[in-house]
file target.cif (mmCIF, C-alpha atoms and all ligand atoms)
data_start
#
loop_
_atom_site.label_atom_id
_atom_site.label_comp_id
_atom_site.auth_asym_id
_atom_site.auth_seq_id
_atom_site.Cartn_x
_atom_site.Cartn_y
_atom_site.Cartn_z
CA MET A 1059 45.74 -81.21 21.27
CA ALA A 1060 43.05 -81.16 18.58
CA THR A 1061 43.13 -78.82 15.55
CA ASP A 1062 41.21 -75.68 14.67
CA PHE A 1063 38.09 -77.63 13.80
CA LYS A 1064 34.98 -75.48 13.30
CA SER A 1065 32.40 -78.23 13.48
CA ILE A 1066 32.14 -81.78 14.72
CA PRO A 1067 32.12 -84.54 12.10
CA ILE A 1068 29.26 -87.02 11.72
CA ILE A 1069 30.16 -90.67 11.22
CA ASP A 1070 27.70 -93.29 10.08
CA VAL A 1071 28.93 -96.41 11.87
CA GLY A 1072 26.05 -98.55 10.54
CA PRO A 1073 28.03 -100.54 7.97
CA PHE A 1074 30.87 -100.88 10.45
CA VAL A 1075 28.96 -102.20 13.47
CA ALA A 1076 27.38 -104.85 11.26
CA LYS A 1077 30.80 -106.23 10.31
CA CYS A 1078 33.12 -105.39 13.15
CA ASP A 1079 33.07 -108.87 14.67
CA ASP A 1080 33.84 -110.68 11.40
CA PRO A 1081 37.30 -112.22 11.33
CA ASN A 1082 38.03 -110.60 7.94
CA MET A 1083 36.74 -107.18 8.85
CA ALA A 1084 40.09 -105.46 8.34
CA GLN A 1085 40.00 -106.35 4.63
CA ASP A 1086 36.50 -105.01 4.08
CA PRO A 1087 36.50 -101.69 2.16
CA ILE A 1088 33.42 -100.43 4.03
CA VAL A 1089 35.05 -101.16 7.37
CA CYS A 1090 38.26 -99.47 6.21
CA GLU A 1091 36.36 -96.36 5.20
CA VAL A 1092 34.70 -95.99 8.62
CA VAL A 1093 38.00 -96.69 10.41
CA LYS A 1094 39.55 -93.88 8.36
CA GLN A 1095 36.76 -91.49 9.36
CA LEU A 1096 37.08 -92.45 13.04
CA ASP A 1097 40.83 -91.90 12.91
CA GLN A 1098 40.50 -88.50 11.30
CA ALA A 1099 37.82 -87.34 13.76
CA CYS A 1100 39.84 -88.55 16.75
CA ARG A 1101 42.96 -86.74 15.54
CA GLU A 1102 41.28 -83.52 14.54
CA ALA A 1103 38.61 -82.98 17.19
CA GLY A 1104 38.51 -85.85 19.67
CA PHE A 1105 34.74 -85.52 19.19
CA PHE A 1106 32.34 -86.91 16.60
CA TYR A 1107 28.66 -87.70 16.17
CA VAL A 1108 27.77 -91.37 15.86
CA LYS A 1109 24.96 -92.15 13.46
CA GLY A 1110 23.60 -95.55 12.43
CA HIS A 1111 24.50 -97.03 15.82
CA GLY A 1112 21.52 -99.38 16.05
CA ILE A 1113 20.34 -98.42 19.55
CA PRO A 1114 16.55 -98.03 19.22
CA ASP A 1115 15.34 -94.46 19.14
CA PRO A 1116 12.36 -95.06 21.48
CA LEU A 1117 14.77 -96.32 24.16
CA ILE A 1118 17.07 -93.30 23.71
CA LYS A 1119 14.07 -91.00 24.12
CA GLU A 1120 12.58 -92.89 27.06
CA VAL A 1121 15.87 -92.68 28.95
CA LYS A 1122 15.66 -88.88 28.71
CA ASN A 1123 11.93 -88.78 29.52
CA VAL A 1124 12.26 -90.66 32.80
CA SER A 1125 15.25 -88.49 33.69
CA HIS A 1126 13.18 -85.33 33.20
CA ARG A 1127 10.50 -86.86 35.43
CA PHE A 1128 13.00 -87.61 38.18
CA PHE A 1129 14.57 -84.15 38.22
CA HIS A 1130 11.11 -82.62 38.30
CA LEU A 1131 10.37 -84.26 41.68
CA PRO A 1132 10.55 -82.22 44.89
CA TYR A 1133 14.08 -81.95 46.26
CA GLU A 1134 13.24 -83.96 49.41
CA GLU A 1135 12.16 -86.88 47.29
CA LYS A 1136 15.34 -86.81 45.26
CA LEU A 1137 17.26 -86.98 48.53
CA ASN A 1138 15.93 -90.52 49.06
CA ILE A 1139 18.77 -91.67 46.84
CA LYS A 1140 21.37 -89.15 48.00
CA MET A 1141 24.95 -89.79 46.95
CA THR A 1142 27.43 -90.19 49.80
CA PRO A 1143 31.01 -91.44 50.00
CA ALA A 1144 29.65 -94.39 52.04
CA ALA A 1145 27.39 -95.30 49.10
CA GLY A 1146 30.43 -95.54 46.83
CA TYR A 1147 29.71 -92.10 45.36
CA ARG A 1148 26.57 -93.55 43.77
CA GLY A 1149 23.26 -91.71 43.76
CA TYR A 1150 21.78 -88.21 43.56
CA GLN A 1151 23.80 -85.05 43.90
CA ARG A 1152 22.12 -81.64 44.14
CA ILE A 1153 22.90 -78.55 42.08
CA GLY A 1154 26.29 -77.13 43.03
CA GLU A 1155 27.52 -80.32 44.67
CA ASN A 1156 29.73 -81.36 41.75
CA ILE A 1157 32.81 -79.22 41.42
CA THR A 1158 34.98 -78.57 38.39
CA LYS A 1159 38.33 -76.87 39.00
CA GLY A 1160 37.08 -75.48 42.30
CA ILE A 1161 33.85 -74.01 40.95
CA PRO A 1162 30.43 -75.58 41.69
CA ASP A 1163 28.62 -76.75 38.56
CA MET A 1164 25.02 -75.74 37.85
CA HIS A 1165 23.77 -79.26 37.42
CA GLU A 1166 22.21 -82.06 39.42
CA ALA A 1167 22.79 -85.70 38.59
CA ILE A 1168 22.45 -89.36 39.42
CA ASP A 1169 25.78 -91.19 39.18
CA CYS A 1170 25.85 -94.94 38.61
CA TYR A 1171 28.84 -97.19 38.21
CA ARG A 1172 29.34 -100.79 37.32
CA GLU A 1173 28.76 -102.73 40.53
CA MET A 1174 31.61 -104.78 41.95
CA LYS A 1175 31.94 -107.52 44.54
CA PRO A 1176 33.23 -106.06 47.81
CA GLY A 1177 36.96 -106.55 48.09
CA VAL A 1178 37.70 -107.57 44.48
CA TYR A 1179 40.00 -104.62 43.93
CA GLY A 1180 41.28 -104.44 47.51
CA GLU A 1181 41.96 -101.04 49.07
CA LEU A 1182 41.85 -99.31 45.72
CA GLY A 1183 38.28 -100.35 44.97
CA ASN A 1184 36.95 -99.67 48.44
CA PRO A 1185 35.82 -96.03 47.88
CA MET A 1186 33.69 -97.04 44.87
CA GLU A 1187 31.99 -100.06 46.47
CA GLY A 1188 28.24 -99.87 46.86
CA ASN A 1189 24.98 -100.58 45.08
CA ASN A 1190 23.58 -98.16 42.58
CA GLN A 1191 20.71 -96.09 43.92
CA TRP A 1192 17.83 -95.98 41.43
CA PRO A 1193 14.68 -93.91 41.71
CA LEU A 1194 11.62 -96.04 42.55
CA ASP A 1195 9.43 -93.94 40.29
CA PRO A 1196 8.83 -94.72 37.50
CA PRO A 1197 9.06 -98.40 38.49
CA ASN A 1198 10.90 -99.31 35.28
CA PHE A 1199 13.70 -96.73 35.84
CA LYS A 1200 16.31 -99.29 36.85
CA THR A 1201 15.57 -101.90 34.16
CA LEU A 1202 15.37 -99.22 31.50
CA MET A 1203 18.74 -97.76 32.43
CA GLU A 1204 20.33 -101.19 32.73
CA GLU A 1205 19.10 -102.14 29.29
CA TYR A 1206 20.46 -98.84 27.99
CA VAL A 1207 23.85 -99.36 29.65
CA ALA A 1208 24.15 -102.84 28.11
CA LEU A 1209 23.56 -101.45 24.61
CA CYS A 1210 25.96 -98.52 25.17
CA THR A 1211 28.63 -100.93 26.42
CA ASP A 1212 28.24 -103.05 23.30
CA LEU A 1213 28.32 -100.02 20.97
CA SER A 1214 31.39 -98.58 22.71
CA ARG A 1215 33.21 -101.89 22.41
CA LYS A 1216 32.48 -101.83 18.67
CA ILE A 1217 33.63 -98.25 18.18
CA LEU A 1218 36.79 -99.13 20.09
CA ARG A 1219 37.39 -102.00 17.66
CA GLY A 1220 37.43 -99.40 14.90
CA ILE A 1221 39.73 -97.11 16.85
CA ALA A 1222 42.01 -100.06 17.67
CA LEU A 1223 42.26 -100.91 13.96
CA ALA A 1224 43.19 -97.32 13.22
CA LEU A 1225 45.81 -97.16 15.97
CA CYS A 1226 47.44 -100.57 15.87
CA SER A 1227 45.76 -102.79 13.26
CA SER A 1228 44.56 -105.22 15.91
CA ALA A 1229 40.81 -104.82 16.47
CA ASP A 1230 40.73 -106.46 19.89
CA ALA A 1231 43.51 -104.39 21.46
CA PHE A 1232 41.16 -103.02 24.15
CA GLU A 1233 39.23 -106.19 24.85
CA GLY A 1234 41.38 -108.00 27.38
CA GLU A 1235 43.25 -106.39 30.23
CA ILE A 1236 42.49 -102.83 29.14
CA ALA A 1237 38.72 -102.86 28.83
CA GLY A 1238 37.43 -106.42 28.59
CA ASP A 1239 35.58 -105.74 31.84
CA ALA A 1240 34.86 -102.04 31.35
CA PHE A 1241 34.16 -100.10 34.56
CA TRP A 1242 31.38 -98.04 32.97
CA VAL A 1243 29.83 -94.93 34.47
CA LEU A 1244 26.34 -93.61 33.77
CA ARG A 1245 25.65 -89.96 34.65
CA ILE A 1246 22.05 -88.84 34.38
CA ILE A 1247 22.42 -85.07 34.37
CA GLY A 1248 19.95 -82.19 34.65
CA TYR A 1249 20.77 -78.56 33.88
CA PRO A 1250 18.25 -75.94 35.03
CA GLY A 1251 17.18 -73.43 32.40
CA ALA A 1252 18.51 -69.89 32.54
CA SER A 1253 15.93 -67.98 34.56
CA ASN A 1254 14.54 -64.89 32.84
CA GLU A 1255 14.76 -62.83 36.03
CA LYS A 1256 18.51 -62.79 35.59
CA SER A 1257 20.19 -60.46 33.18
CA GLU A 1258 21.42 -62.13 30.04
CA GLU A 1259 24.98 -61.44 31.12
CA LEU A 1260 24.54 -63.27 34.40
CA ALA A 1261 22.83 -66.20 32.72
CA GLN A 1262 25.77 -66.47 30.31
CA ASN A 1263 27.98 -67.13 33.29
CA ASP A 1264 25.95 -69.98 34.68
CA ILE A 1265 28.18 -72.87 33.86
CA GLY A 1266 26.28 -76.17 33.79
CA CYS A 1267 29.55 -78.07 33.81
CA GLY A 1268 32.94 -76.37 33.77
CA ALA A 1269 35.66 -77.15 31.23
CA HIS A 1270 36.95 -80.68 31.76
CA THR A 1271 38.13 -83.78 29.97
CA ASP A 1272 36.50 -87.17 30.43
CA TYR A 1273 38.41 -89.76 32.39
CA GLY A 1274 38.24 -93.02 30.50
CA LEU A 1275 38.21 -94.29 26.92
CA LEU A 1276 35.02 -93.11 25.18
CA THR A 1277 31.89 -91.16 26.14
CA LEU A 1278 28.45 -91.46 24.52
CA VAL A 1279 26.32 -88.36 25.10
CA ASN A 1280 22.54 -88.63 24.74
CA GLN A 1281 21.29 -85.04 24.93
CA ASP A 1282 17.88 -83.36 24.70
CA ASP A 1283 16.91 -82.72 21.08
CA ASP A 1284 16.00 -79.04 21.36
CA ILE A 1285 18.77 -77.27 23.29
CA THR A 1286 22.35 -76.48 22.27
CA ALA A 1287 24.54 -76.36 25.37
CA LEU A 1288 27.59 -78.60 24.95
CA GLN A 1289 30.70 -76.77 23.72
CA VAL A 1290 34.04 -78.20 22.65
CA ARG A 1291 37.32 -76.27 22.68
CA ASN A 1292 39.46 -76.21 19.56
CA LEU A 1293 43.20 -75.54 19.32
CA SER A 1294 42.93 -71.75 19.26
CA GLY A 1295 40.61 -71.78 22.25
CA GLU A 1296 37.32 -71.15 20.46
CA TRP A 1297 34.28 -72.94 21.87
CA ILE A 1298 32.57 -74.93 19.13
CA SER A 1299 28.98 -75.96 19.82
CA ALA A 1300 27.86 -79.57 19.58
CA PRO A 1301 24.15 -79.03 18.85
CA PRO A 1302 21.84 -82.01 19.21
CA ILE A 1303 21.42 -84.03 16.04
CA PRO A 1304 18.42 -86.33 16.54
CA GLY A 1305 19.28 -90.01 16.18
CA THR A 1306 22.94 -89.52 17.04
CA PHE A 1307 25.22 -89.70 20.05
CA VAL A 1308 28.04 -87.27 20.61
CA CYS A 1309 31.11 -89.42 21.17
CA ASN A 1310 34.39 -88.19 22.62
CA ILE A 1311 37.80 -89.42 23.70
CA GLY A 1312 38.80 -89.73 27.37
CA ASP A 1313 42.11 -89.40 29.22
CA MET A 1314 42.92 -93.13 29.14
CA LEU A 1315 42.73 -93.28 25.34
CA LYS A 1316 44.96 -90.24 25.16
CA ILE A 1317 47.55 -92.07 27.27
CA TRP A 1318 47.27 -95.36 25.35
CA SER A 1319 47.62 -93.58 21.99
CA ASN A 1320 50.57 -91.57 23.32
CA GLY A 1321 48.76 -88.36 22.45
CA LEU A 1322 47.92 -89.33 18.87
CA TYR A 1323 44.37 -88.75 20.08
CA ASP A 1324 43.58 -86.15 22.70
CA SER A 1325 40.86 -85.92 25.34
CA THR A 1326 39.40 -82.59 24.23
CA LEU A 1327 38.23 -79.98 26.75
CA HIS A 1328 34.50 -79.35 26.78
CA ARG A 1329 31.90 -77.60 28.94
CA VAL A 1330 28.15 -77.16 29.19
CA ILE A 1331 26.22 -73.87 29.31
CA ASN A 1332 22.44 -74.02 29.20
CA ASN A 1333 21.31 -70.56 28.12
CA SER A 1334 17.89 -71.83 27.15
CA PRO A 1335 14.96 -71.14 29.48
CA LYS A 1336 14.19 -74.87 29.36
CA TYR A 1337 15.49 -77.55 31.68
CA ARG A 1338 18.03 -79.73 29.82
CA VAL A 1339 18.74 -83.42 30.35
CA CYS A 1340 21.79 -85.33 29.19
CA VAL A 1341 22.45 -88.99 29.86
CA ALA A 1342 26.16 -89.63 29.48
CA TYR A 1343 27.56 -93.14 29.28
CA PHE A 1344 31.29 -93.36 29.96
CA HIS A 1345 33.09 -96.42 28.63
CA GLU A 1346 36.06 -96.80 30.92
CA PRO A 1347 38.92 -99.29 31.25
CA ASN A 1348 38.78 -102.19 33.72
CA PHE A 1349 38.95 -100.77 37.22
CA ASP A 1350 42.41 -102.26 37.77
CA ALA A 1351 43.74 -101.65 34.25
CA ALA A 1352 47.23 -100.20 34.13
CA VAL A 1353 47.11 -97.98 31.07
CA GLU A 1354 50.31 -96.82 29.42
CA PRO A 1355 51.37 -95.67 25.97
CA SER A 1356 51.23 -98.67 23.63
CA ASP A 1357 54.50 -99.57 21.92
CA ILE A 1358 53.02 -99.10 18.49
CA CYS A 1359 51.67 -95.62 19.24
CA VAL A 1360 54.97 -94.62 20.85
CA LYS A 1361 56.73 -95.69 17.65
CA ARG A 1362 54.25 -93.76 15.54
CA THR A 1363 54.72 -90.57 17.55
CA GLY A 1364 58.51 -90.34 17.42
CA GLY A 1365 59.60 -92.84 20.05
CA ILE A 1366 59.11 -90.79 23.22
CA ARG A 1367 56.66 -91.90 25.89
CA LYS A 1368 54.52 -88.92 26.82
CA SER A 1369 53.20 -90.40 30.04
CA GLY A 1370 53.82 -93.14 32.54
CA LYS A 1371 51.48 -95.86 33.70
CA ALA A 1372 48.06 -94.84 35.05
CA VAL A 1373 45.89 -97.25 36.98
CA TYR A 1374 42.37 -96.31 35.92
CA GLY A 1375 40.81 -96.90 39.35
CA GLU A 1376 43.35 -94.54 40.92
CA HIS A 1377 42.60 -91.88 38.32
CA LEU A 1378 38.86 -92.26 38.97
CA VAL A 1379 39.05 -92.30 42.78
CA GLY A 1380 41.33 -89.23 42.69
CA LYS A 1381 38.76 -87.37 40.56
CA VAL A 1382 35.73 -88.48 42.56
CA GLN A 1383 37.28 -87.54 45.91
CA LYS A 1384 37.96 -84.01 44.64
CA ASN A 1385 34.68 -83.51 42.83
CA PHE A 1386 32.09 -83.18 45.54
CA VAL A 1387 31.50 -80.61 48.29
N1 LIG A 1401 33.11 -89.22 34.57
C1 LIG A 1401 33.15 -88.02 34.01
N2 LIG A 1401 33.87 -87.80 32.95
N3 LIG A 1401 32.42 -87.06 34.52
C2 LIG A 1401 32.39 -85.78 33.94
C3 LIG A 1401 32.19 -84.76 34.96
C4 LIG A 1401 33.24 -83.73 34.84
C5 LIG A 1401 33.11 -82.71 35.87
C6 LIG A 1401 33.83 -83.05 37.13
N4 LIG A 1401 33.44 -82.13 38.13
C7 LIG A 1401 35.35 -82.94 36.92
O1 LIG A 1401 35.91 -81.90 37.22
O2 LIG A 1401 35.96 -83.88 36.48
O1 LIG A 1402 25.77 -82.41 29.12
C1 LIG A 1402 26.52 -82.70 28.19
O2 LIG A 1402 26.21 -82.52 27.03
C2 LIG A 1402 27.88 -83.31 28.43
C3 LIG A 1402 28.20 -83.64 29.88
C4 LIG A 1402 29.64 -83.96 30.09
O3 LIG A 1402 30.52 -83.48 29.42
C5 LIG A 1402 30.02 -84.89 31.18
O4 LIG A 1402 29.19 -85.22 32.03
O5 LIG A 1402 31.18 -85.33 31.20
FE FE A 1403 32.41 -84.56 29.76
#

call {"tool": "encode", "arguments": {"input": "target.cif", "output": "structure tokens", "more": "lines below"}}
Ligand SMILES: N=C(N)NCCCC[C@H](N)C(=O)O
Ligand SMILES: O=C(O)CCC(=O)C(=O)O
Ligand SMILES: [Fe+2]
result
Amino acid sequence: MATDFKSIPIIDVGPFVAKCDDPNMAQDPIVCEVVKQLDQACREAGFFYVKGHGIPDPLIKEVKNVSHRFFHLPYEEKLNIKMTPAAGYRGYQRIGENITKGIPDMHEAIDCYREMKPGVYGELGNPMEGNNQWPLDPPNFKTLMEEYVALCTDLSRKILRGIALALCSSADAFEGEIAGDAFWVLRIIGYPGASNEKSEELAQNDIGCGAHTDYGLLTLVNQDDDITALQVRNLSGEWISAPPIPGTFVCNIGDMLKIWSNGLYDSTLHRVINNSPKYRVCVAYFHEPNFDAAVEPSDICVKRTGGIRKSGKAVYGEHLVGKVQKNFV
């Protein structure tokens, strides 16, 4: 459980991503410095901004632009790619369809997951099988998002190399059975602006996304540059804003990394409230373990936290399917 942080640290990963695949990286002072910053941010807040990540700014912006265009379409048109359980929970969900702790969220979204060959994960994988449903307009929507996902996957793998060095001095700890074949999720999310007909008090209560933790290893949040809506809970229960900082991603820890680190790092609670009159878009990339990964506290983290295992084994796919089956009306 995080600390009483009052703001979210900014980490320039530039020098790190350039070196993180060198065999001698662990001896490099620049690498060590970034690893130290990652470790501190993960312990204190479970949230940090990533700067110097190398993903081109025009792509980051274009991903949000096409998302705005999609959400602006008439509802009937958005329904062409409607999410259903039969579609593997992939596609468009209307406002109020996603539920957090029993309460409908004030957002709409397109959910996409890594595609899998039917049957590869047996019964367990069955609920998530299906092709992603992409909008046909603009025509480059699918290729743009796929290019974006590939770059986010690569960046997440690199950040995880830093986190792995901090936790267990072996940079590739997550690259085989844990997340060598990451079952990523892309959520393209739209939050309507607070309407001015409503009283301010009512608008304050419109929760775009209720308090939750993310499910996997790491999340990369690409949010609109002009609206502050994401809030992160610190130890004493205060909600600390994560305002947009152009050129950065907000990165946070998910449940599976909490388990693997035996609680050394926590998946911090966060929520979204869009009090601005403007429509807000966020494209969240979730870097998750392999679908069939059995995640449990690593021996080294258990040792470092006093020798007691704080949780048993969690199969990521089971965790995900359990969440997804509860999350929609
Ligand atoms: N894949 C992730 N992390 N999605 C985040 C959505 C969280 C809200 C969801 N209704 C819930 O209650 O989990
Ligand atoms: O909209 C945001 O800034 C974050 C969304 C989020 O927390 C999520 O989808 O898990
Ligand atoms: Fe989240």

call {"tool": "closest_atom_pairs", "arguments": {"input": "target.cif", "of": "range 1091-1137 of chain A", "to": "range 1218-1231 of chain A", "cutoff": "12 Å", "atoms": "all atoms listed in the file", "output": "tab-separated table"}}
result
residue	atom	partner	partner_atom	distance
A:Glu1091	CA	A:Gly1220	CA	10.2
A:Val1092	CA	A:Gly1220	CA	7.6
A:Val1093	CA	A:Gly1220	CA	5.3
A:Lys1094	CA	A:Ala1224	CA	7.0
A:Gln1095	CA	A:Ala1224	CA	9.5
A:Leu1096	CA	A:Ile1221	CA	6.6
A:Asp1097	CA	A:Ala1224	CA	5.9
A:Gln1098	CA	A:Ala1224	CA	9.4
A:Ala1099	CA	A:Ile1221	CA	10.4
A:Cys1100	CA	A:Ile1221	CA	8.6
A:Arg1101	CA	A:Leu1225	CA	10.8
A:Gly1104	CA	A:Ile1221	CA	11.7

call {"tool": "write_last_selection", "arguments": {"input": "target.cif", "atoms": "C-alpha atoms", "output": "PDB file, in the frame of the given file"}}
result
ATOM      1  CA  GLU A1091      36.360 -96.360   5.200  1.00  0.00           C
ATOM      2  CA  VAL A1092      34.700 -95.990   8.620  1.00  0.00           C
ATOM      3  CA  VAL A1093      38.000 -96.690  10.410  1.00  0.00           C
ATOM      4  CA  LYS A1094      39.550 -93.880   8.360  1.00  0.00           C
ATOM      5  CA  GLN A1095      36.760 -91.490   9.360  1.00  0.00           C
ATOM      6  CA  LEU A1096      37.080 -92.450  13.040  1.00  0.00           C
ATOM      7  CA  ASP A1097      40.830 -91.900  12.910  1.00  0.00           C
ATOM      8  CA  GLN A1098      40.500 -88.500  11.300  1.00  0.00           C
ATOM      9  CA  ALA A1099      37.820 -87.340  13.760  1.00  0.00           C
ATOM     10  CA  CYS A1100      39.840 -88.550  16.750  1.00  0.00           C
ATOM     11  CA  ARG A1101      42.960 -86.740  15.540  1.00  0.00           C
ATOM     12  CA  GLY A1104      38.510 -85.850  19.670  1.00  0.00           C
TER      13      GLY A1104
END

call {"tool": "closest_residue", "arguments": {"input": "target.cif", "among": "A:Trp1318, A:Tyr1374, A:Tyr1133, A:Phe1307", "to": "ligand LIG 1401 (chain A)", "atoms": "all atoms listed in the file"}}
result
A:Tyr1374

call {"tool": "residues_near_ligand", "arguments": {"input": "target.cif", "ligand": "ligand FE 1403 (chain A)", "cutoff": "9 Å", "atoms": "all atoms listed in the file", "output": "list of chain:residue names"}}
result
A:Cys1267, A:Ala1269, A:His1270, A:Thr1271, A:Asp1272, A:Tyr1273, A:Thr1277, A:Val1279, A:Asn1310, A:Gly1312, A:Leu1327, A:His1328, A:Arg1329, A:Val1330, A:Ala1342, A:Phe1344

call {"tool": "write_last_selection", "arguments": {"input": "target.cif", "atoms": "C-alpha atoms", "output": "mmCIF file, in the coordinates of the input"}}
result
data_model
loop_
_atom_site.group_PDB
_atom_site.id
_atom_site.type_symbol
_atom_site.label_atom_id
_atom_site.label_comp_id
_atom_site.auth_asym_id
_atom_site.auth_seq_id
_atom_site.Cartn_x
_atom_site.Cartn_y
_atom_site.Cartn_z
ATOM 1 C CA CYS A 1267 29.550 -78.070 33.810
ATOM 2 C CA ALA A 1269 35.660 -77.150 31.230
ATOM 3 C CA HIS A 1270 36.950 -80.680 31.760
ATOM 4 C CA THR A 1271 38.130 -83.780 29.970
ATOM 5 C CA ASP A 1272 36.500 -87.170 30.430
ATOM 6 C CA TYR A 1273 38.410 -89.760 32.390
ATOM 7 C CA THR A 1277 31.890 -91.160 26.140
ATOM 8 C CA VAL A 1279 26.320 -88.360 25.100
ATOM 9 C CA ASN A 1310 34.390 -88.190 22.620
ATOM 10 C CA GLY A 1312 38.800 -89.730 27.370
ATOM 11 C CA LEU A 1327 38.230 -79.980 26.750
ATOM 12 C CA HIS A 1328 34.500 -79.350 26.780
ATOM 13 C CA ARG A 1329 31.900 -77.600 28.940
ATOM 14 C CA VAL A 1330 28.150 -77.160 29.190
ATOM 15 C CA ALA A 1342 26.160 -89.630 29.480
ATOM 16 C CA PHE A 1344 31.290 -93.360 29.960
#

call {"tool": "closest_residue", "arguments": {"input": "target.cif", "among": "A:Thr1211, A:Gln1151, A:Ser1325, A:Asn1123", "to": "Gly1274 in chain A", "atoms": "only C-alpha atoms"}}
result
A:Ser1325

call {"tool": "atom_distance", "arguments": {"input": "target.cif", "atom1": "CA of Val1379 in chain A", "atom2": "atom O2 of ligand LIG 1401 (chain A)"}}
result
11.0 Å

call {"tool": "axis_aligned_box", "arguments": {"input": "target.cif", "around": "ligand LIG 1401 (chain A)", "padding_each_side": "5 Å", "output": "AutoDock Vina command-line options"}}
result
--center_x 34.1 --center_y -85.6 --center_z 35.5 --size_x 13.8 --size_y 17.3 --size_z 15.2

call {"tool": "atom_distance", "arguments": {"input": "target.cif", "atom1": "atom N1 of ligand LIG 1401 (chain A)", "atom2": "CA of Ala1372 in chain A"}}
result
16.0 Å

call {"tool": "residues_around", "arguments": {"input": "target.cif", "residues": "Gly1375 in chain A", "least_positions_apart": "4", "cutoff": "12 Å", "atoms": "only C-alpha atoms", "output": "number ranges by chain"}}
result
A: 1179-1187, 1236, 1240-1242, 1273-1274, 1314, 1346-1353, 1379-1383

call {"tool": "residues_around", "arguments": {"input": "target.cif", "residues": "Asp1062 in chain A", "least_positions_apart": "4", "cutoff": "7 Å", "atoms": "all atoms listed in the file", "output": "list of chain:residue names"}}
result
A:Asn1292, A:Leu1293, A:Ser1294

call {"tool": "atom_distance", "arguments": {"input": "target.cif", "atom1": "atom C5 of ligand LIG 1401 (chain A)", "atom2": "CA of Arg1245 in chain A"}}
result
10.5 Å

call {"tool": "closest_residue", "arguments": {"input": "target.cif", "among": "A:Pro1176, A:Gly1295, A:Gly1251, A:Gly1149", "to": "Pro1193 in chain A", "atoms": "all atoms listed in the file"}}
result
A:Gly1149

call {"tool": "residues_around", "arguments": {"input": "target.cif", "residues": "His1165 in chain A", "least_positions_apart": "5", "cutoff": "8 Å", "atoms": "only C-alpha atoms", "output": "ChimeraX atom specification"}}
result
/A:1152-1154,1156,1247-1250,1266-1267

call {"tool": "residues_around", "arguments": {"input": "target.cif", "residues": "range 1108-1112 of chain A", "least_positions_apart": "3", "cutoff": "9 Å", "atoms": "only C-alpha atoms", "output": "JSON, numbers by chain"}}
result
{"A": [1067, 1068, 1069, 1070, 1071, 1072, 1073, 1075, 1115, 1213, 1278, 1305, 1306, 1307, 1308, 1309]}
